[in-house]
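Here is the structure we will look at.
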Amino acid sequence: MKKAVLVNGVPASGKSSVARFVADVRGWAILGLDTVKEPFFDHLGVGDRDYNRKLGRASSQAIWSIVAAAPDGMTFVVDAWFGFQPRDVLEDHLARAGIGLTAEIWCHAPPDILVERYRARLSSRHPGHPGEAFLSELPSLAQRAEPLRRGPLFDIDTSTGFDEAALLAWLDQVLAG
């Protein structure tokens, strides 16, 4: 059985930092949506928001195809905003990949902090990602966004930090499953 730690949250919610922490400490493979998507931008070009979403869907499929090809017994940390596509698409990916157990880490912060984080990284982000225009959308997205709640859930307000030991203990318990 394969396991997946779904590190979920809207853009700028801190999920990549949390995912990296978990992967580094536990030695699990990490697959990030942006990490997969950015080489597609490099080779296929950048476009409008619809094009960005299309590459996001392709990147998500690529992530779960990699997981599907991996041997049983592996645990993956998947860093993505899982709310960008219909839930049944994710469920199909999980089933096809042979994921038997998931744990979700929900990362969030107040909208004003998310906007400031997103603004601060605009100059260092790949140009294929939504730019400054996205700043006006982010607060309403943050207010309506919710975790998947498809299994055990660990909630992290990344504006206040988190108890690393508690997160790791929770993951160990949940994934012992």
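Residue numbers start at 1 in each chain; chains themselves are named A, B, ... in the order of the structure tokens; ligands are numbered from 1 in the order shown.
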Those in range 18-49 of chain A with strand (DSSP E) from DSSP, as a ChimeraX atom specification
/A:29-32
Restricted to N, CA and C atoms, what would the selected residues look like written as a PDB file, in the first residue's frame?
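As a result, out_30.pdb now contains:
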ATOM      1  N   ALA A  29       9.506  11.060  -0.390  1.00  0.00           N
ATOM      2  CA  ALA A  29       9.550  11.762  -1.675  1.00  0.00           C
ATOM      3  C   ALA A  29       8.532  12.903  -1.660  1.00  0.00           C
ATOM      4  N   ILE A  30       8.939  14.039  -2.229  1.00  0.00           N
ATOM      5  CA  ILE A  30       8.032  15.184  -2.307  1.00  0.00           C
ATOM      6  C   ILE A  30       7.763  15.486  -3.778  1.00  0.00           C
ATOM      7  N   LEU A  31       6.495  15.686  -4.095  1.00  0.00           N
ATOM      8  CA  LEU A  31       6.070  16.051  -5.433  1.00  0.00           C
ATOM      9  C   LEU A  31       5.214  17.302  -5.312  1.00  0.00           C
ATOM     10  N   GLY A  32       5.699  18.388  -5.872  1.00  0.00           N
ATOM     11  CA  GLY A  32       4.975  19.654  -5.794  1.00  0.00           C
ATOM     12  C   GLY A  32       4.390  20.021  -7.145  1.00  0.00           C
TER      13      GLY A  32
END
So that I can check the secondary structure, give me every residue of range 10-104 of chain A assigned helix (DSSP H, G or I) by backbone DSSP, as a PyMOL selection string.
chain A and resi 15-26+33-44+49-69+82-84+87-97
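The coordinates place CA of Phe162 in chain A at 28.6 Å from CA of Gly131 in chain A.
Closest approach to Val36 in chain A among A:Asn52, A:Ser65, A:Ser60, A:Ser16: A:Ser60, based on only C-alpha atoms.
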Find the residues around range 117-121 of chain A up to 9 Å (only C-alpha atoms counted), leave out those fewer than 3 positions away in its own chain, and share them as a list in words.
Pro11, Ala12, Ser13, Asp112, Ile113, Leu114, Ser124, Arg125, Gly131, Glu132, Phe134, Leu135 and Leu138 of chain A
Mind writing the picked residues with N, CA, C and O atoms as a JSON list (two decimals), in the first residue's frame?
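The resulting out.json:
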[["chain", "number", "residue", "atom", "x", "y", "z"],
["A", 11, "PRO", "N", -2.69, 29.31, -2.76],
["A", 11, "PRO", "CA", -1.37, 29.89, -2.99],
["A", 11, "PRO", "C", -0.95, 30.82, -1.84],
["A", 11, "PRO", "O", -1.77, 31.54, -1.27],
["A", 12, "ALA", "N", 0.32, 30.73, -1.49],
["A", 12, "ALA", "CA", 0.95, 31.55, -0.44],
["A", 12, "ALA", "C", 0.54, 31.15, 0.97],
["A", 12, "ALA", "O", 0.79, 31.88, 1.92],
["A", 13, "SER", "N", -0.07, 29.98, 1.12],
["A", 13, "SER", "CA", -0.51, 29.54, 2.45],
["A", 13, "SER", "C", 0.60, 28.89, 3.26],
["A", 13, "SER", "O", 0.39, 28.55, 4.42],
["A", 112, "ASP", "N", -4.99, 38.86, 4.42],
["A", 112, "ASP", "CA", -4.02, 39.94, 4.23],
["A", 112, "ASP", "C", -2.59, 39.43, 4.25],
["A", 112, "ASP", "O", -1.72, 39.94, 3.52],
["A", 113, "ILE", "N", -2.32, 38.40, 5.03],
["A", 113, "ILE", "CA", -0.98, 37.81, 5.07],
["A", 113, "ILE", "C", -0.70, 37.05, 3.76],
["A", 113, "ILE", "O", 0.40, 37.14, 3.21],
["A", 114, "LEU", "N", -1.71, 36.32, 3.27],
["A", 114, "LEU", "CA", -1.54, 35.61, 2.01],
["A", 114, "LEU", "C", -1.22, 36.58, 0.87],
["A", 114, "LEU", "O", -0.33, 36.33, 0.05],
["A", 124, "SER", "N", 10.12, 36.68, -7.97],
["A", 124, "SER", "CA", 10.92, 35.46, -8.01],
["A", 124, "SER", "C", 10.14, 34.25, -8.54],
["A", 124, "SER", "O", 10.71, 33.19, -8.72],
["A", 125, "ARG", "N", 8.85, 34.43, -8.81],
["A", 125, "ARG", "CA", 8.03, 33.32, -9.31],
["A", 125, "ARG", "C", 8.20, 33.17, -10.82],
["A", 125, "ARG", "O", 8.47, 34.14, -11.52],
["A", 131, "GLY", "N", 0.06, 36.49, -12.05],
["A", 131, "GLY", "CA", 0.85, 37.62, -11.58],
["A", 131, "GLY", "C", 0.10, 38.50, -10.61],
["A", 131, "GLY", "O", -0.74, 38.04, -9.83],
["A", 132, "GLU", "N", 0.38, 39.78, -10.68],
["A", 132, "GLU", "CA", -0.16, 40.76, -9.75],
["A", 132, "GLU", "C", -1.69, 40.81, -9.75],
["A", 132, "GLU", "O", -2.31, 41.08, -8.73],
["A", 134, "PHE", "N", -3.67, 38.50, -9.68],
["A", 134, "PHE", "CA", -4.21, 37.48, -8.79],
["A", 134, "PHE", "C", -4.37, 37.98, -7.35],
["A", 134, "PHE", "O", -5.16, 37.45, -6.58],
["A", 135, "LEU", "N", -3.65, 39.04, -7.01],
["A", 135, "LEU", "CA", -3.71, 39.58, -5.64],
["A", 135, "LEU", "C", -5.13, 39.96, -5.24],
["A", 135, "LEU", "O", -5.51, 39.80, -4.08],
["A", 138, "LEU", "N", -7.15, 36.61, -4.43],
["A", 138, "LEU", "CA", -6.67, 35.75, -3.35],
["A", 138, "LEU", "C", -7.48, 35.86, -2.06],
["A", 138, "LEU", "O", -7.80, 34.83, -1.46]]
How many Å lie between CA of His126 in chain A and CA of Glu38 in chain A, rounded to one decimal?
6.9 Å
Pick out the residues sitting within 12 Å of range 21-28 of chain A, and hand them over as a VMD selection string; count only C-alpha atoms, and ignore anything fewer than 2 positions along from it in its own chain.
chain A and resid 2 to 7 14 to 19 30 to 32 73 to 79 105 162 to 172 175
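Interatomic distance, CA of Arg144 in chain A against CA of Pro86 in chain A: 15.1 Å.
Close contacts of Asp48 in chain A, defined as residues with an atom at most 12 Å away when counting only C-alpha atoms, with chain neighbours fewer than 2 positions off set aside, comprise Phe41, Gly45, Val46, Asp50, Tyr51, Asn52, Arg53, Lys54, Leu55, Pro127, Gly128, His129, Pro130, Gly131 and Ala133 of chain A.
Using only C-alpha atoms, the shortest contact distance between Pro110 in chain A and any of A:Ala70, A:Leu153, A:Val10, A:Leu90 is found at A:Val10.
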Would you list the contacts of Ser59 in chain A as number ranges by chain, taking every protein, DNA or RNA residue within 9 Å and counting only C-alpha atoms, but skipping same-chain residues closer than 6 positions in sequence?
A: 33-37, 40
Could you write those residues out with all heavy atoms, as a compact mmCIF listing (two decimals), in the first residue's frame?
# COMPACT_ATOMS: atom_id res chain seq x y z
N LEU A 33 3.17 20.48 -7.13
CA LEU A 33 2.50 20.85 -8.38
C LEU A 33 3.31 21.88 -9.16
O LEU A 33 3.52 21.74 -10.36
CB LEU A 33 1.09 21.37 -8.10
CG LEU A 33 0.23 21.59 -9.34
CD1 LEU A 33 -0.13 20.26 -9.98
CD2 LEU A 33 -1.03 22.36 -8.99
N ASP A 34 3.81 22.92 -8.49
CA ASP A 34 4.58 23.94 -9.18
C ASP A 34 5.91 23.39 -9.70
O ASP A 34 6.36 23.77 -10.78
CB ASP A 34 4.84 25.15 -8.28
CG ASP A 34 3.58 25.97 -8.03
OD1 ASP A 34 2.57 25.75 -8.72
OD2 ASP A 34 3.63 26.84 -7.14
N THR A 35 6.53 22.50 -8.97
CA THR A 35 7.79 21.91 -9.39
C THR A 35 7.61 21.13 -10.69
O THR A 35 8.48 21.15 -11.57
CB THR A 35 8.34 20.97 -8.29
OG1 THR A 35 8.47 21.71 -7.08
CG2 THR A 35 9.67 20.38 -8.67
N VAL A 36 6.48 20.46 -10.82
CA VAL A 36 6.19 19.71 -12.04
C VAL A 36 5.75 20.65 -13.16
O VAL A 36 6.13 20.50 -14.32
CB VAL A 36 5.12 18.63 -11.77
CG1 VAL A 36 4.68 17.94 -13.05
CG2 VAL A 36 5.65 17.60 -10.76
N LYS A 37 4.96 21.66 -12.82
CA LYS A 37 4.37 22.54 -13.83
C LYS A 37 5.40 23.48 -14.48
O LYS A 37 5.31 23.76 -15.68
CB LYS A 37 3.24 23.36 -13.21
CG LYS A 37 2.49 24.20 -14.23
CD LYS A 37 1.21 24.85 -13.78
CE LYS A 37 1.04 25.27 -12.40
NZ LYS A 37 -0.18 26.08 -12.19
N PHE A 40 7.05 22.55 -17.75
CA PHE A 40 6.10 22.63 -18.87
C PHE A 40 6.03 24.06 -19.40
O PHE A 40 6.01 24.27 -20.61
CB PHE A 40 4.71 22.15 -18.46
CG PHE A 40 4.61 20.66 -18.27
CD1 PHE A 40 4.23 20.13 -17.05
CD2 PHE A 40 4.87 19.78 -19.31
CE1 PHE A 40 4.12 18.76 -16.86
CE2 PHE A 40 4.76 18.40 -19.14
CZ PHE A 40 4.39 17.89 -17.92
